[in-house]
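Enquirer: Submitted below is the structure of interest, expressed as structure tokens.
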Amino acid sequence: MPTSPPPIKGPLPLPPSLSPSDLDTLPPLLPLLHTLRSALSSSTSSSQPTAKPPPVTGVTGTTPLPTSNPQTTLPFTTKELASSTDPIKHKLQRARHSIRQMEDISRLIPQQENEIAQLEKRRKKQAEMLAKIKEEGLVFSREGERDEGRMVE
């Protein structure tokens, strides 16, 4: 006897410990990247001589790698950079933990594909049934109109 598929539910709600903002890392990351980028661009523009273009390397069309220049100052030390990225790292770790606690997260792709195939078959049957009911309704409606015409005469 074939087993029927489990009842179909809508999208699962997020667990209470997880909100959409927990998954969004751009707001805390953008100020950090902006600070680093502006510091790098100001230090490279002030440290490069303007009269002589940089020498051509073996690879062309790429951004040159930063060189160790004692005049280049970053807004962060290595320790400060690590500590400024800690909140983002912790946010992602909490989100990862919360996602692992969600229902059906352990389902494999073949299982999901099997469920999708079953749902597509079910939808196709429903569409065929609706088309059949529509056709029968039209036939019934036409017969009703003919019967009314006979009764009026």
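Residues in the structure tokens are named by chain (A, B, ... in the order shown) and by number from 1 within that chain; ligands are numbered from 1 in the order shown.
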Would you list the contacts of A:Ile99 as a count of residues only, taking every protein, DNA or RNA residue within 10 Å and counting only C-alpha atoms, but skipping same-chain residues closer than 4 positions in sequence?
Expert: 10
Enquirer: What is the atom CA of A:Pro87 to atom CA of A:Ser38 distance in Å?
Expert: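 Separation between atom CA of A:Pro87 and atom CA of A:Ser38: 21.5 Å.
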Enquirer: Using only C-alpha atoms for the distances, tell me which of A:Ser98, A:Pro110, A:Lys91, A:Lys134 is nearest to A:Asp22.
Expert: A:Lys91
Enquirer: How many Å separate atom CA of A:Lys79 from atom CA of A:Arg96?
Expert: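 A separation of 24.9 Å between them.
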Enquirer: Could you please determine the separation between atom CA of A:Arg100 and atom CA of A:Ile88 in Å, to one decimal place?
Expert: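 Rounded to one decimal, the two atoms are 18.4 Å apart.
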Enquirer: Which of these residues is nearest to A:Gln101, using only C-alpha atoms: A:Thr35, A:Glu80, A:Gln126, A:Pro16?
Expert: A:Pro16
Enquirer: From the list A:Pro13, A:Leu108, A:Leu30, A:Glu145, which residue is nearest A:Thr85 when using only C-alpha atoms?
Expert: A:Leu30
